[in-house]
$ cat upload-v7.txt   # compact mmCIF, C-alpha atoms
# COMPACT_ATOMS: atom_id res chain seq x y z
CA GLY A 1 0.00 0.00 0.00
CA GLU A 2 0.91 3.63 0.03
CA ASP A 3 3.19 4.78 2.83
CA VAL A 4 5.52 7.70 3.39
CA GLU A 5 8.19 7.67 6.10
CA GLN A 6 10.41 10.39 7.48
CA SER A 7 12.40 10.99 10.63
CA LEU A 8 10.61 12.94 13.35
CA PHE A 9 13.23 15.50 14.35
CA LEU A 10 16.13 17.46 12.90
CA SER A 11 18.22 20.12 14.62
CA VAL A 12 20.61 22.36 12.68
CA ARG A 13 22.66 25.42 13.41
CA GLU A 14 21.54 28.72 11.95
CA GLY A 15 23.29 29.33 8.65
CA ASP A 16 23.95 25.64 7.99
CA SER A 17 22.10 23.55 5.42
CA SER A 18 19.21 21.36 6.51
CA VAL A 19 18.49 18.08 4.75
CA ILE A 20 15.19 16.37 5.41
CA ASN A 21 14.80 12.87 4.05
CA CYS A 22 11.78 10.81 3.11
CA THR A 23 11.04 7.40 1.65
CA TYR A 24 7.83 6.45 -0.13
CA THR A 25 6.36 3.23 -1.43
CA ASP A 26 4.16 4.02 -4.43
CA SER A 27 6.39 3.93 -7.51
CA SER A 28 3.48 5.12 -9.66
CA SER A 29 3.25 8.52 -7.95
CA THR A 30 3.30 11.25 -10.56
CA TYR A 31 4.25 14.04 -8.19
CA LEU A 32 5.97 14.20 -4.80
CA TYR A 33 5.50 17.09 -2.48
CA TRP A 34 6.95 18.98 0.43
CA TYR A 35 4.54 20.83 2.70
CA LYS A 36 5.51 23.14 5.58
CA GLN A 37 3.55 23.68 8.77
CA GLU A 38 4.43 26.66 10.92
CA PRO A 39 3.33 26.75 14.58
CA GLY A 40 -0.40 27.24 14.97
CA ALA A 41 -1.10 27.09 11.23
CA GLY A 42 -2.23 24.66 8.59
CA LEU A 43 0.06 23.00 6.08
CA GLN A 44 1.27 24.99 3.11
CA LEU A 45 2.70 23.61 -0.12
CA LEU A 46 6.40 24.43 -0.27
CA THR A 47 7.37 22.74 -3.49
CA TYR A 48 6.73 19.64 -5.59
CA ILE A 49 8.66 17.59 -8.10
CA PHE A 50 7.45 15.68 -11.13
CA SER A 51 8.44 12.04 -11.00
CA ASN A 52 10.51 12.14 -14.20
CA MET A 53 12.82 14.77 -12.71
CA ASP A 54 15.65 14.05 -10.32
CA MET A 55 16.24 17.56 -9.05
CA LYS A 56 14.37 20.79 -8.65
CA GLN A 57 15.81 24.02 -7.27
CA ASP A 58 13.84 27.00 -6.02
CA GLN A 59 15.90 29.72 -4.31
CA ARG A 60 17.17 28.19 -1.05
CA LEU A 61 15.29 24.93 -1.59
CA THR A 62 16.63 21.93 -3.48
CA VAL A 63 14.56 18.79 -3.94
CA LEU A 64 16.31 15.57 -4.90
CA LEU A 65 14.42 12.52 -6.11
CA ASN A 66 15.91 9.05 -6.37
CA LYS A 67 13.14 7.10 -8.02
CA LYS A 68 15.01 3.81 -7.97
CA ASP A 69 15.36 3.94 -4.19
CA LYS A 70 12.04 5.80 -3.70
CA HIS A 71 13.88 8.45 -1.75
CA LEU A 72 13.05 12.14 -1.65
CA SER A 73 15.00 14.86 0.12
CA LEU A 74 14.58 18.55 0.79
CA ARG A 75 17.65 20.69 1.28
CA ILE A 76 17.30 24.16 2.77
CA ALA A 77 20.41 26.27 2.28
CA ASP A 78 21.46 28.90 4.83
CA THR A 79 18.82 27.80 7.33
CA GLN A 80 17.19 30.69 9.19
CA THR A 81 15.12 30.82 12.39
CA GLY A 82 12.05 31.39 10.22
CA ASP A 83 12.55 27.92 8.75
CA SER A 84 11.58 26.36 12.10
CA ALA A 85 8.53 24.28 11.26
CA ILE A 86 7.30 20.77 10.59
CA TYR A 87 8.04 19.57 7.07
CA PHE A 88 5.79 16.93 5.51
CA CYS A 89 6.77 14.76 2.60
CA ALA A 90 3.84 13.50 0.51
CA GLU A 91 3.08 11.39 -2.55
CA ASP A 92 0.11 11.16 -4.89
CA GLY A 93 -2.58 8.86 -3.60
CA ASP A 94 -5.86 7.87 -5.17
CA SER A 95 -6.04 9.64 -8.53
CA SER A 96 -9.81 9.57 -8.56
CA ALA A 97 -9.97 11.82 -5.53
CA SER A 98 -6.85 13.95 -5.77
CA LYS A 99 -5.69 12.43 -2.51
CA ILE A 100 -2.22 12.99 -1.09
CA ILE A 101 -0.49 10.58 1.28
CA PHE A 102 1.41 12.51 3.92
CA GLY A 103 4.35 11.36 6.01
CA SER A 104 4.46 11.92 9.73
CA GLY A 105 6.40 15.17 9.42
CA THR A 106 9.93 16.20 10.44
CA ARG A 107 10.19 18.89 13.07
CA LEU A 108 13.08 21.19 12.17
CA SER A 109 14.58 23.23 14.98
CA ILE A 110 17.29 25.83 14.56
CA ARG A 111 20.14 26.33 17.03
CA PRO A 112 21.72 29.79 17.31
CA ASP B 1 -6.48 36.84 -1.04
CA ALA B 2 -8.34 33.53 -1.33
CA ARG B 3 -8.03 31.24 1.64
CA VAL B 4 -9.81 28.42 3.43
CA THR B 5 -11.62 29.56 6.54
CA GLN B 6 -12.59 27.43 9.51
CA THR B 7 -14.80 28.14 12.48
CA PRO B 8 -14.50 28.02 15.37
CA ARG B 9 -10.74 28.34 15.80
CA HIS B 10 -10.92 26.93 19.30
CA LYS B 11 -13.55 24.83 21.00
CA VAL B 12 -13.63 23.46 24.53
CA THR B 13 -16.50 21.16 25.36
CA GLU B 14 -17.49 18.48 27.79
CA MET B 15 -17.59 14.82 26.98
CA GLY B 16 -20.92 13.81 25.46
CA GLN B 17 -21.63 17.17 23.84
CA GLU B 18 -22.14 17.67 20.12
CA VAL B 19 -19.43 19.54 18.25
CA THR B 20 -19.82 21.05 14.79
CA MET B 21 -16.86 22.41 12.87
CA ARG B 22 -17.31 24.43 9.70
CA CYS B 23 -15.14 25.07 6.70
CA GLN B 24 -15.47 27.43 3.78
CA PRO B 25 -13.33 26.16 0.91
CA ILE B 26 -11.75 28.49 -1.61
CA LEU B 27 -14.30 29.56 -4.22
CA GLY B 28 -14.05 27.36 -7.29
CA HIS B 29 -12.26 24.48 -5.59
CA ASN B 30 -14.03 21.17 -6.15
CA THR B 31 -12.27 18.92 -3.63
CA VAL B 32 -12.51 19.25 0.14
CA PHE B 33 -10.63 17.24 2.75
CA TRP B 34 -10.94 16.88 6.52
CA TYR B 35 -7.81 15.96 8.50
CA ARG B 36 -7.14 15.44 12.18
CA GLN B 37 -3.76 16.13 13.73
CA THR B 38 -2.52 14.86 17.10
CA MET B 39 0.94 14.44 18.57
CA MET B 40 0.48 10.69 18.81
CA GLN B 41 -1.12 9.90 15.44
CA GLY B 42 0.19 12.74 13.32
CA LEU B 43 -1.96 13.87 10.39
CA GLU B 44 -4.89 11.57 9.60
CA LEU B 45 -7.27 11.91 6.66
CA LEU B 46 -10.83 11.60 7.92
CA ALA B 47 -12.96 12.20 4.83
CA TYR B 48 -12.97 13.91 1.46
CA PHE B 49 -15.41 15.23 -1.10
CA ARG B 50 -15.35 15.94 -4.79
CA ASN B 51 -18.03 18.20 -6.24
CA ARG B 52 -19.79 17.95 -2.86
CA ALA B 53 -20.11 14.16 -3.10
CA PRO B 54 -18.41 12.15 -0.34
CA LEU B 55 -15.76 9.90 -1.86
CA ASP B 56 -14.30 8.24 1.19
CA ASP B 57 -14.92 8.59 4.88
CA SER B 58 -13.18 5.41 5.96
CA GLY B 59 -10.85 7.41 8.19
CA MET B 60 -13.69 8.52 10.44
CA PRO B 61 -15.20 6.70 13.41
CA LYS B 62 -18.60 6.13 11.79
CA ASP B 63 -20.60 5.86 14.96
CA ARG B 64 -19.87 9.39 16.13
CA PHE B 65 -18.44 11.40 13.23
CA SER B 66 -20.26 12.72 10.19
CA ALA B 67 -19.11 14.98 7.36
CA GLU B 68 -21.33 16.82 4.90
CA MET B 69 -21.24 19.51 2.24
CA PRO B 70 -24.66 21.21 2.27
CA ASP B 71 -23.47 23.47 -0.55
CA ALA B 72 -20.29 24.31 -2.43
CA THR B 73 -19.31 27.00 0.06
CA LEU B 74 -19.71 25.02 3.27
CA ALA B 75 -18.33 21.75 4.62
CA THR B 76 -19.17 20.52 8.11
CA LEU B 77 -17.66 17.94 10.42
CA LYS B 78 -19.81 16.86 13.32
CA ILE B 79 -18.95 14.77 16.37
CA GLN B 80 -21.81 13.42 18.46
CA PRO B 81 -21.20 12.49 21.21
CA SER B 82 -17.70 13.86 21.70
CA GLU B 83 -15.09 12.01 23.76
CA PRO B 84 -11.76 13.14 25.29
CA ARG B 85 -9.85 11.11 22.68
CA ASP B 86 -11.34 13.39 20.00
CA SER B 87 -9.19 16.26 21.30
CA ALA B 88 -7.04 17.32 18.35
CA VAL B 89 -6.62 19.99 15.71
CA TYR B 90 -9.01 19.48 12.81
CA PHE B 91 -7.98 20.86 9.45
CA CYS B 92 -10.02 21.44 6.35
CA ALA B 93 -8.26 21.69 2.99
CA SER B 94 -9.54 22.39 -0.51
CA GLY B 95 -8.11 21.97 -3.98
CA LEU B 96 -8.84 22.02 -7.68
CA GLY B 97 -8.49 18.29 -8.16
CA GLY B 98 -5.93 18.24 -10.94
CA ARG B 99 -2.29 17.22 -10.62
CA PRO B 100 -0.16 18.40 -8.97
CA TYR B 101 -2.49 18.02 -6.02
CA GLU B 102 -2.04 21.32 -4.28
CA GLN B 103 -4.17 21.39 -1.18
CA TYR B 104 -4.87 24.67 0.57
CA PHE B 105 -5.24 24.22 4.30
CA GLY B 106 -7.33 26.26 6.68
CA PRO B 107 -5.97 27.42 10.05
CA GLY B 108 -7.58 24.52 11.88
CA THR B 109 -10.03 24.11 14.76
CA ARG B 110 -8.38 23.16 18.04
CA LEU B 111 -10.85 20.93 19.88
CA THR B 112 -10.50 20.06 23.55
CA VAL B 113 -12.96 17.61 25.05
CA THR B 114 -12.87 17.40 28.85
$ encode --input "upload-v7.txt" --output "structure tokens"
Amino acid sequence: GEDVEQSLFLSVREGDSSVINCTYTDSSSTYLYWYKQEPGAGLQLLTYIFSNMDMKQDQRLTVLLNKKDKHLSLRIADTQTGDSAIYFCAEDGDSSASKIIFGSGTRLSIRP
Amino acid sequence: DARVTQTPRHKVTEMGQEVTMRCQPILGHNTVFWYRQTMMQGLELLAYFRNRAPLDDSGMPKDRFSAEMPDATLATLKIQPSEPRDSAVYFCASGLGGRPYEQYFGPGTRLTVT
């Protein structure tokens, strides 16, 4: 079945790069997503990658996709205190309902 | 600035009481989702609709939860009777239905059942 797994916590020093990793099970997913949840708010789409790409860069964000290993990562360069949040990896679910399968989320904390 | 709205933002109620949460999806969006988030279980999909028709509510405890879309501008999630284990943040999200599946989340309703 569909499943998305990611580690629960990551702590990085301000100014360093953060790398959040994720593994998924559904090799037929067309898109893979990263959502961000700031404290007290709902999730917000950060970026997504089409399954036939292996990298996507958007300013400080770099998404890497290894389709063979079903591994997705999100790299945040020059991590700032405003990047403190929970980051959710997600894959396409049931195409008939536009469903997304979310991972459990990785809580990113920034050390001064 | 189009956004999903949810009311109430916070709700404290006693066990056994009925709770109704409301969501206004973004105008023009045809898919609506209800999620529940807790520290222990993470983000769980409870139910979802396309064009106001319920597609799947297998994530909901059927005996006490119900979800409806009386019209295209309103989705409701009802718990009757509520229990302490229902305490969570309930999110509504809406989307256009086409890939990529961008879902727009509301701010959530924080429910506490005592």
$ interface_residues --input "upload-v7.txt" --of "chain A" --to "chain B" --cutoff "8 Å" --atoms "all atoms listed in the file" --output "JSON, numbers by chain"
{"A": [31, 40, 41, 42, 43, 44, 45, 48, 92, 97, 98, 99, 100, 102, 104, 105]}
$ atom_distance --input "upload-v7.txt" --atom1 "atom CA of A:Leu65" --atom2 "atom CA of A:Gln37"
21.5 Å
$ atom_distance --input "upload-v7.txt" --atom1 "atom CA of B:Val113" --atom2 "atom CA of B:Gln24"
23.6 Å
$ residues_around --input "upload-v7.txt" --residues "stretch 55-58 of chain A" --least-positions-apart "3" --cutoff "10 Å" --atoms "all atoms listed in the file" --output "list in words"
Leu46, Thr47, Tyr48, Ile49, Phe50, Ser51, Asn52, Leu61, Thr62, Val63, Leu64, Leu65, Asn66, Leu72, Ser73, Leu74, Arg75 and Ile76 of chain A
$ closest_residue --input "upload-v7.txt" --among "A:Cys22, A:Leu32, A:Ile101, A:Ser17" --to "A:Ala77" --atoms "all atoms listed in the file"
A:Ser17
$ closest_residue --input "upload-v7.txt" --among "B:Arg52, B:Arg36, B:Arg64, B:His10" --to "B:Ala88" --atoms "only C-alpha atoms"
B:Arg36
$ atom_distance --input "upload-v7.txt" --atom1 "atom CA of B:Ala47" --atom2 "atom CA of B:Gly59"
6.2 Å
$ closest_residue --input "upload-v7.txt" --among "B:Glu14, B:Cys23, B:Thr76, B:Pro8" --to "B:Ser94" --atoms "all atoms listed in the file"
B:Cys23
$ closest_residue --input "upload-v7.txt" --among "A:Asp54, A:Asp69, A:Glu38, A:Glu5" --to "A:Ile20" --atoms "all atoms listed in the file"
A:Glu5
$ decode --input "upload-v7.txt" --residues "stretch 68-84 of chain A" --atoms "N, CA, C and O atoms" --output "PDB file, in the first residue's frame"
ATOM      1  N   LYS A  68      14.650   5.229  -8.113  1.00  0.00           N
ATOM      2  CA  LYS A  68      15.012   3.808  -7.967  1.00  0.00           C
ATOM      3  C   LYS A  68      14.906   3.377  -6.504  1.00  0.00           C
ATOM      4  O   LYS A  68      14.363   2.329  -6.193  1.00  0.00           O
ATOM      5  N   ASP A  69      15.390   4.262  -5.613  1.00  0.00           N
ATOM      6  CA  ASP A  69      15.359   3.942  -4.193  1.00  0.00           C
ATOM      7  C   ASP A  69      14.102   4.477  -3.513  1.00  0.00           C
ATOM      8  O   ASP A  69      13.931   4.290  -2.305  1.00  0.00           O
ATOM      9  N   LYS A  70      13.251   5.160  -4.251  1.00  0.00           N
ATOM     10  CA  LYS A  70      12.036   5.795  -3.698  1.00  0.00           C
ATOM     11  C   LYS A  70      12.424   6.691  -2.525  1.00  0.00           C
ATOM     12  O   LYS A  70      11.862   6.587  -1.424  1.00  0.00           O
ATOM     13  N   HIS A  71      13.357   7.563  -2.771  1.00  0.00           N
ATOM     14  CA  HIS A  71      13.882   8.446  -1.747  1.00  0.00           C
ATOM     15  C   HIS A  71      13.779   9.891  -2.230  1.00  0.00           C
ATOM     16  O   HIS A  71      14.172  10.221  -3.351  1.00  0.00           O
ATOM     17  N   LEU A  72      13.233  10.716  -1.361  1.00  0.00           N
ATOM     18  CA  LEU A  72      13.047  12.140  -1.653  1.00  0.00           C
ATOM     19  C   LEU A  72      13.732  12.936  -0.556  1.00  0.00           C
ATOM     20  O   LEU A  72      13.670  12.539   0.623  1.00  0.00           O
ATOM     21  N   SER A  73      14.404  14.015  -0.917  1.00  0.00           N
ATOM     22  CA  SER A  73      15.001  14.859   0.118  1.00  0.00           C
ATOM     23  C   SER A  73      14.733  16.326  -0.182  1.00  0.00           C
ATOM     24  O   SER A  73      14.529  16.716  -1.335  1.00  0.00           O
ATOM     25  N   LEU A  74      14.747  17.092   0.885  1.00  0.00           N
ATOM     26  CA  LEU A  74      14.583  18.548   0.792  1.00  0.00           C
ATOM     27  C   LEU A  74      15.783  19.181   1.474  1.00  0.00           C
ATOM     28  O   LEU A  74      16.043  18.912   2.648  1.00  0.00           O
ATOM     29  N   ARG A  75      16.505  19.983   0.714  1.00  0.00           N
ATOM     30  CA  ARG A  75      17.650  20.692   1.283  1.00  0.00           C
ATOM     31  C   ARG A  75      17.305  22.169   1.377  1.00  0.00           C
ATOM     32  O   ARG A  75      16.857  22.775   0.405  1.00  0.00           O
ATOM     33  N   ILE A  76      17.516  22.728   2.559  1.00  0.00           N
ATOM     34  CA  ILE A  76      17.300  24.156   2.775  1.00  0.00           C
ATOM     35  C   ILE A  76      18.680  24.768   3.019  1.00  0.00           C
ATOM     36  O   ILE A  76      19.356  24.432   4.003  1.00  0.00           O
ATOM     37  N   ALA A  77      19.100  25.633   2.120  1.00  0.00           N
ATOM     38  CA  ALA A  77      20.410  26.269   2.279  1.00  0.00           C
ATOM     39  C   ALA A  77      20.298  27.459   3.234  1.00  0.00           C
ATOM     40  O   ALA A  77      19.241  28.094   3.334  1.00  0.00           O
ATOM     41  N   ASP A  78      21.419  27.731   3.947  1.00  0.00           N
ATOM     42  CA  ASP A  78      21.463  28.900   4.826  1.00  0.00           C
ATOM     43  C   ASP A  78      20.216  28.958   5.720  1.00  0.00           C
ATOM     44  O   ASP A  78      19.438  29.916   5.685  1.00  0.00           O
ATOM     45  N   THR A  79      20.027  27.934   6.512  1.00  0.00           N
ATOM     46  CA  THR A  79      18.817  27.804   7.326  1.00  0.00           C
ATOM     47  C   THR A  79      18.678  28.972   8.300  1.00  0.00           C
ATOM     48  O   THR A  79      19.639  29.346   8.988  1.00  0.00           O
ATOM     49  N   GLN A  80      17.488  29.543   8.337  1.00  0.00           N
ATOM     50  CA  GLN A  80      17.188  30.690   9.194  1.00  0.00           C
ATOM     51  C   GLN A  80      16.178  30.308  10.282  1.00  0.00           C
ATOM     52  O   GLN A  80      15.478  29.304  10.164  1.00  0.00           O
ATOM     53  N   THR A  81      16.060  31.129  11.298  1.00  0.00           N
ATOM     54  CA  THR A  81      15.117  30.819  12.385  1.00  0.00           C
ATOM     55  C   THR A  81      13.682  30.721  11.860  1.00  0.00           C
ATOM     56  O   THR A  81      12.873  29.961  12.371  1.00  0.00           O
ATOM     57  N   GLY A  82      13.392  31.456  10.799  1.00  0.00           N
ATOM     58  CA  GLY A  82      12.052  31.388  10.220  1.00  0.00           C
ATOM     59  C   GLY A  82      11.749  30.061   9.527  1.00  0.00           C
ATOM     60  O   GLY A  82      10.608  29.804   9.150  1.00  0.00           O
ATOM     61  N   ASP A  83      12.769  29.235   9.355  1.00  0.00           N
ATOM     62  CA  ASP A  83      12.554  27.924   8.754  1.00  0.00           C
ATOM     63  C   ASP A  83      12.096  26.898   9.781  1.00  0.00           C
ATOM     64  O   ASP A  83      11.768  25.760   9.405  1.00  0.00           O
ATOM     65  N   SER A  84      12.068  27.281  11.056  1.00  0.00           N
ATOM     66  CA  SER A  84      11.582  26.360  12.097  1.00  0.00           C
ATOM     67  C   SER A  84      10.129  26.006  11.816  1.00  0.00           C
ATOM     68  O   SER A  84       9.265  26.878  11.732  1.00  0.00           O
TER      69      SER A  84
END
